[in-house]
>>> print(open('data_13.cif').read())   # mmCIF, N, CA and C atoms
data_query
#
loop_
_atom_site.label_atom_id
_atom_site.label_comp_id
_atom_site.auth_asym_id
_atom_site.auth_seq_id
_atom_site.Cartn_x
_atom_site.Cartn_y
_atom_site.Cartn_z
N MET U 5 -12.23 12.24 -18.49
CA MET U 5 -12.07 11.96 -19.91
C MET U 5 -10.83 11.11 -20.18
N ARG U 6 -9.74 11.33 -19.43
CA ARG U 6 -8.53 10.59 -19.76
C ARG U 6 -8.59 9.15 -19.25
N ASP U 7 -9.44 8.85 -18.29
CA ASP U 7 -9.52 7.48 -17.77
C ASP U 7 -10.39 6.57 -18.62
N ILE U 8 -11.18 7.14 -19.51
CA ILE U 8 -12.10 6.33 -20.30
C ILE U 8 -11.36 5.38 -21.24
N PRO U 9 -10.38 5.83 -22.04
CA PRO U 9 -9.66 4.88 -22.91
C PRO U 9 -8.91 3.81 -22.10
N PHE U 10 -8.31 4.21 -20.97
CA PHE U 10 -7.59 3.26 -20.12
C PHE U 10 -8.54 2.17 -19.64
N SER U 11 -9.68 2.58 -19.10
CA SER U 11 -10.65 1.61 -18.59
C SER U 11 -11.27 0.77 -19.70
N ALA U 12 -11.46 1.39 -20.86
CA ALA U 12 -12.04 0.66 -21.99
C ALA U 12 -11.13 -0.46 -22.48
N ILE U 13 -9.85 -0.35 -22.21
CA ILE U 13 -8.90 -1.41 -22.57
C ILE U 13 -8.70 -2.36 -21.39
N GLN U 14 -8.53 -1.80 -20.19
CA GLN U 14 -8.17 -2.61 -19.03
C GLN U 14 -9.23 -3.64 -18.64
N PHE U 15 -10.46 -3.23 -18.49
CA PHE U 15 -11.47 -4.16 -17.98
C PHE U 15 -11.79 -5.30 -18.94
N PRO U 16 -11.99 -5.04 -20.24
CA PRO U 16 -12.21 -6.19 -21.15
C PRO U 16 -11.00 -7.12 -21.23
N LEU U 17 -9.80 -6.54 -21.18
CA LEU U 17 -8.60 -7.38 -21.22
C LEU U 17 -8.49 -8.23 -19.96
N TYR U 18 -8.80 -7.64 -18.80
CA TYR U 18 -8.78 -8.41 -17.55
C TYR U 18 -9.79 -9.55 -17.61
N ASP U 19 -10.98 -9.27 -18.11
CA ASP U 19 -12.00 -10.32 -18.22
C ASP U 19 -11.55 -11.44 -19.15
N LEU U 20 -10.92 -11.06 -20.26
CA LEU U 20 -10.41 -12.06 -21.19
C LEU U 20 -9.34 -12.93 -20.53
N LEU U 21 -8.41 -12.30 -19.82
CA LEU U 21 -7.36 -13.05 -19.13
C LEU U 21 -7.94 -13.95 -18.06
N LYS U 22 -8.98 -13.48 -17.39
CA LYS U 22 -9.63 -14.29 -16.35
C LYS U 22 -10.29 -15.52 -16.96
N ILE U 23 -10.96 -15.35 -18.09
CA ILE U 23 -11.61 -16.48 -18.77
C ILE U 23 -10.57 -17.50 -19.21
N VAL U 24 -9.47 -17.01 -19.78
CA VAL U 24 -8.40 -17.91 -20.22
C VAL U 24 -7.80 -18.65 -19.03
N SER U 25 -7.61 -17.95 -17.91
CA SER U 25 -7.06 -18.57 -16.70
C SER U 25 -8.00 -19.65 -16.18
N ILE U 26 -9.29 -19.37 -16.15
CA ILE U 26 -10.26 -20.36 -15.67
C ILE U 26 -10.22 -21.60 -16.55
N ARG U 27 -10.17 -21.40 -17.86
CA ARG U 27 -10.13 -22.55 -18.78
C ARG U 27 -8.87 -23.38 -18.56
N MET U 28 -7.73 -22.72 -18.41
CA MET U 28 -6.47 -23.44 -18.21
C MET U 28 -6.46 -24.20 -16.90
N ILE U 29 -6.94 -23.56 -15.83
CA ILE U 29 -6.96 -24.22 -14.51
C ILE U 29 -7.94 -25.38 -14.51
N ALA U 30 -9.11 -25.18 -15.11
CA ALA U 30 -10.10 -26.26 -15.17
C ALA U 30 -9.58 -27.45 -15.96
N ARG U 31 -8.94 -27.17 -17.07
CA ARG U 31 -8.39 -28.25 -17.89
C ARG U 31 -7.29 -29.00 -17.14
N ARG U 32 -6.43 -28.25 -16.43
CA ARG U 32 -5.34 -28.88 -15.69
C ARG U 32 -5.86 -29.73 -14.54
N ASN U 33 -6.91 -29.24 -13.84
CA ASN U 33 -7.44 -29.95 -12.68
C ASN U 33 -8.50 -30.99 -13.05
N GLY U 34 -8.96 -30.96 -14.28
CA GLY U 34 -9.99 -31.90 -14.70
C GLY U 34 -11.36 -31.59 -14.12
N THR U 35 -11.63 -30.31 -13.85
CA THR U 35 -12.93 -29.89 -13.31
C THR U 35 -13.65 -29.03 -14.34
N SER U 36 -14.91 -28.74 -14.05
CA SER U 36 -15.66 -27.88 -14.96
C SER U 36 -15.27 -26.42 -14.73
N GLU U 37 -15.47 -25.61 -15.73
CA GLU U 37 -15.13 -24.19 -15.62
C GLU U 37 -16.00 -23.48 -14.58
N ALA U 38 -17.25 -23.93 -14.43
CA ALA U 38 -18.16 -23.30 -13.47
C ALA U 38 -17.70 -23.52 -12.04
N GLN U 39 -17.00 -24.61 -11.77
CA GLN U 39 -16.54 -24.92 -10.41
C GLN U 39 -15.14 -24.41 -10.13
N THR U 40 -14.49 -23.85 -11.11
CA THR U 40 -13.10 -23.43 -10.98
C THR U 40 -12.99 -22.03 -10.39
N GLU U 41 -12.16 -21.89 -9.39
CA GLU U 41 -11.87 -20.59 -8.79
C GLU U 41 -10.44 -20.19 -9.16
N VAL U 42 -10.26 -18.93 -9.45
CA VAL U 42 -8.94 -18.43 -9.82
C VAL U 42 -8.23 -17.98 -8.54
N PRO U 43 -7.01 -18.47 -8.30
CA PRO U 43 -6.27 -18.05 -7.10
C PRO U 43 -5.97 -16.55 -7.12
N GLY U 44 -5.78 -15.98 -5.95
CA GLY U 44 -5.52 -14.55 -5.83
C GLY U 44 -4.28 -14.10 -6.58
N LEU U 45 -3.24 -14.91 -6.56
CA LEU U 45 -2.01 -14.56 -7.27
C LEU U 45 -2.26 -14.46 -8.77
N VAL U 46 -3.04 -15.38 -9.31
CA VAL U 46 -3.34 -15.35 -10.74
C VAL U 46 -4.18 -14.11 -11.06
N ASN U 47 -5.14 -13.78 -10.20
CA ASN U 47 -5.93 -12.56 -10.40
C ASN U 47 -5.04 -11.32 -10.38
N SER U 48 -4.08 -11.30 -9.47
CA SER U 48 -3.15 -10.16 -9.40
C SER U 48 -2.30 -10.04 -10.65
N VAL U 49 -1.82 -11.15 -11.14
CA VAL U 49 -1.02 -11.14 -12.36
C VAL U 49 -1.87 -10.70 -13.56
N ASN U 50 -3.10 -11.20 -13.63
CA ASN U 50 -4.00 -10.79 -14.72
C ASN U 50 -4.27 -9.29 -14.66
N GLY U 51 -4.52 -8.77 -13.46
CA GLY U 51 -4.76 -7.33 -13.31
C GLY U 51 -3.54 -6.51 -13.68
N SER U 52 -2.36 -7.00 -13.30
CA SER U 52 -1.12 -6.30 -13.63
C SER U 52 -0.88 -6.26 -15.13
N ILE U 53 -1.13 -7.37 -15.79
CA ILE U 53 -0.95 -7.41 -17.24
C ILE U 53 -1.94 -6.47 -17.92
N ALA U 54 -3.19 -6.50 -17.48
CA ALA U 54 -4.20 -5.63 -18.08
C ALA U 54 -3.88 -4.16 -17.84
N GLY U 55 -3.46 -3.81 -16.62
CA GLY U 55 -3.12 -2.42 -16.31
C GLY U 55 -1.89 -1.93 -17.06
N ALA U 56 -0.87 -2.78 -17.13
CA ALA U 56 0.35 -2.39 -17.83
C ALA U 56 0.09 -2.21 -19.33
N THR U 57 -0.69 -3.10 -19.91
CA THR U 57 -1.01 -2.99 -21.33
C THR U 57 -1.82 -1.73 -21.60
N SER U 58 -2.79 -1.45 -20.74
CA SER U 58 -3.61 -0.25 -20.91
C SER U 58 -2.77 1.01 -20.80
N GLY U 59 -1.89 1.03 -19.81
CA GLY U 59 -1.00 2.18 -19.65
C GLY U 59 -0.07 2.36 -20.84
N PHE U 60 0.47 1.26 -21.32
CA PHE U 60 1.37 1.30 -22.47
C PHE U 60 0.68 1.86 -23.71
N LEU U 61 -0.59 1.51 -23.88
CA LEU U 61 -1.31 1.96 -25.06
C LEU U 61 -1.87 3.37 -24.94
N THR U 62 -2.23 3.80 -23.73
CA THR U 62 -2.90 5.09 -23.59
C THR U 62 -1.98 6.24 -23.17
N THR U 63 -0.84 5.95 -22.56
CA THR U 63 0.04 7.03 -22.10
C THR U 63 0.54 7.92 -23.23
N PRO U 64 0.99 7.37 -24.37
CA PRO U 64 1.44 8.26 -25.44
C PRO U 64 0.35 9.22 -25.92
N LEU U 65 -0.89 8.74 -25.99
CA LEU U 65 -1.98 9.62 -26.40
C LEU U 65 -2.24 10.70 -25.36
N ASP U 66 -2.12 10.34 -24.09
CA ASP U 66 -2.31 11.32 -23.02
C ASP U 66 -1.21 12.38 -23.05
N VAL U 67 0.02 11.96 -23.34
CA VAL U 67 1.13 12.92 -23.45
C VAL U 67 0.90 13.87 -24.61
N LEU U 68 0.47 13.35 -25.75
CA LEU U 68 0.19 14.21 -26.90
C LEU U 68 -0.91 15.22 -26.58
N LYS U 69 -1.94 14.76 -25.91
CA LYS U 69 -3.04 15.66 -25.54
C LYS U 69 -2.56 16.75 -24.58
N THR U 70 -1.75 16.36 -23.61
CA THR U 70 -1.23 17.33 -22.65
C THR U 70 -0.32 18.34 -23.33
N ARG U 71 0.52 17.89 -24.23
CA ARG U 71 1.40 18.82 -24.96
C ARG U 71 0.59 19.78 -25.82
N GLN U 72 -0.44 19.27 -26.46
CA GLN U 72 -1.28 20.13 -27.28
C GLN U 72 -1.97 21.18 -26.42
N MET U 73 -2.48 20.79 -25.26
CA MET U 73 -3.14 21.74 -24.37
C MET U 73 -2.15 22.77 -23.85
N THR U 74 -0.93 22.34 -23.53
CA THR U 74 0.10 23.26 -23.04
C THR U 74 0.52 24.23 -24.12
N PHE U 75 0.69 23.72 -25.34
CA PHE U 75 1.09 24.56 -26.47
C PHE U 75 0.03 25.62 -26.73
N GLN U 76 -1.24 25.24 -26.69
CA GLN U 76 -2.32 26.20 -26.93
C GLN U 76 -2.39 27.23 -25.81
N ALA U 77 -2.06 26.85 -24.59
CA ALA U 77 -2.11 27.78 -23.46
C ALA U 77 -1.00 28.81 -23.56
N ASP U 78 0.16 28.42 -24.11
CA ASP U 78 1.30 29.34 -24.25
C ASP U 78 1.08 30.34 -25.36
N SER U 79 0.28 30.02 -26.35
CA SER U 79 0.09 30.89 -27.51
C SER U 79 -0.77 32.07 -27.19
#
>>> encode(input="data_13.cif", output="structure tokens")
Amino acid sequence: MRDIPFSAIQFPLYDLLKIVSIRMIARRNGTSEAQTEVPGLVNSVNGSIAGATSGFLTTPLDVLKTRQMTFQADS
């Protein structure tokens, strides 16, 4: 259950960053987007940005949920 919000943010964001990267590389190289390959380093950076953003957005909610569960268990 806790991985669903993270994944729901991470994968679409990664795909968006990948599309933007392909467009930028194709425009810079003067090739079509269909023929453009994204270098591994760019893929790694895109994945890191997507993962960090997802973690930044979902961690506070996960902490609140954990605190609520702990508080209810103590009562």
>>> resolve_selection(input="data_13.cif", expression="the PyMOL selection byres (((chain U and resi 55-69 and name CA) around 10) and name CA)", output="JSON, numbers by chain")
{"U": [6, 7, 8, 9, 10, 11, 12, 13, 14, 15, 17, 18, 49, 50, 51, 52, 53, 54, 70, 71, 72, 73, 74, 75]}
>>> atom_distance(input="data_13.cif", atom1="CA of Ser25 (chain U)", atom2="CA of Gln39 (chain U)")
13.0 Å
>>> atom_distance(input="data_13.cif", atom1="atom N of Gly34 (chain U)", atom2="atom N of Val46 (chain U)")
17.4 Å
>>> atom_distance(input="data_13.cif", atom1="atom C of Lys22 (chain U)", atom2="atom N of Ala38 (chain U)")
11.2 Å
>>> decode(input="data_13.cif", residues="region 22-40 of chain U", atoms="N, CA, C and O atoms", output="compact mmCIF listing (two decimals), in the first residue's frame")
# COMPACT_ATOMS: atom_id res chain seq x y z
N LYS U 22 12.01 11.53 -19.64
CA LYS U 22 12.61 10.82 -20.77
C LYS U 22 12.17 11.43 -22.10
O LYS U 22 12.99 11.63 -23.00
N ILE U 23 10.89 11.76 -22.21
CA ILE U 23 10.38 12.38 -23.44
C ILE U 23 11.04 13.74 -23.66
O ILE U 23 11.45 14.07 -24.78
N VAL U 24 11.15 14.52 -22.60
CA VAL U 24 11.80 15.83 -22.72
C VAL U 24 13.26 15.68 -23.12
O VAL U 24 13.77 16.42 -23.97
N SER U 25 13.95 14.69 -22.54
CA SER U 25 15.35 14.44 -22.88
C SER U 25 15.50 14.05 -24.34
O SER U 25 16.41 14.53 -25.03
N ILE U 26 14.63 13.17 -24.81
CA ILE U 26 14.69 12.75 -26.22
C ILE U 26 14.49 13.95 -27.13
O ILE U 26 15.21 14.12 -28.13
N ARG U 27 13.52 14.79 -26.81
CA ARG U 27 13.27 15.97 -27.66
C ARG U 27 14.47 16.91 -27.67
O ARG U 27 14.85 17.43 -28.72
N MET U 28 15.07 17.13 -26.51
CA MET U 28 16.22 18.03 -26.43
C MET U 28 17.42 17.47 -27.20
O MET U 28 18.10 18.20 -27.93
N ILE U 29 17.68 16.17 -27.03
CA ILE U 29 18.82 15.55 -27.72
C ILE U 29 18.59 15.52 -29.22
O ILE U 29 19.51 15.81 -30.00
N ALA U 30 17.37 15.20 -29.64
CA ALA U 30 17.07 15.17 -31.08
C ALA U 30 17.21 16.55 -31.69
O ALA U 30 17.76 16.70 -32.80
N ARG U 31 16.73 17.55 -31.00
CA ARG U 31 16.84 18.93 -31.51
C ARG U 31 18.30 19.36 -31.60
O ARG U 31 18.72 19.98 -32.58
N ARG U 32 19.09 19.00 -30.58
CA ARG U 32 20.50 19.39 -30.57
C ARG U 32 21.28 18.68 -31.68
O ARG U 32 22.15 19.28 -32.31
N ASN U 33 20.97 17.39 -31.92
CA ASN U 33 21.70 16.61 -32.92
C ASN U 33 21.12 16.74 -34.32
O ASN U 33 21.72 16.27 -35.28
N GLY U 34 19.94 17.33 -34.44
CA GLY U 34 19.31 17.47 -35.74
C GLY U 34 18.77 16.16 -36.29
O GLY U 34 18.71 15.98 -37.50
N THR U 35 18.38 15.24 -35.41
CA THR U 35 17.82 13.95 -35.82
C THR U 35 16.36 13.88 -35.41
O THR U 35 15.87 14.71 -34.65
N SER U 36 15.69 12.83 -35.88
CA SER U 36 14.29 12.66 -35.50
C SER U 36 14.23 12.05 -34.09
O SER U 36 15.16 11.38 -33.64
N GLU U 37 13.12 12.27 -33.44
CA GLU U 37 12.95 11.73 -32.08
C GLU U 37 12.92 10.21 -32.08
O GLU U 37 13.36 9.57 -31.12
N ALA U 38 12.40 9.61 -33.15
CA ALA U 38 12.31 8.15 -33.23
C ALA U 38 13.69 7.50 -33.30
O ALA U 38 13.87 6.37 -32.85
N GLN U 39 14.67 8.21 -33.85
CA GLN U 39 16.03 7.66 -33.98
C GLN U 39 16.93 8.02 -32.81
O GLN U 39 18.07 7.57 -32.76
N THR U 40 16.45 8.81 -31.90
CA THR U 40 17.28 9.31 -30.80
C THR U 40 17.30 8.32 -29.64
O THR U 40 16.27 7.82 -29.22
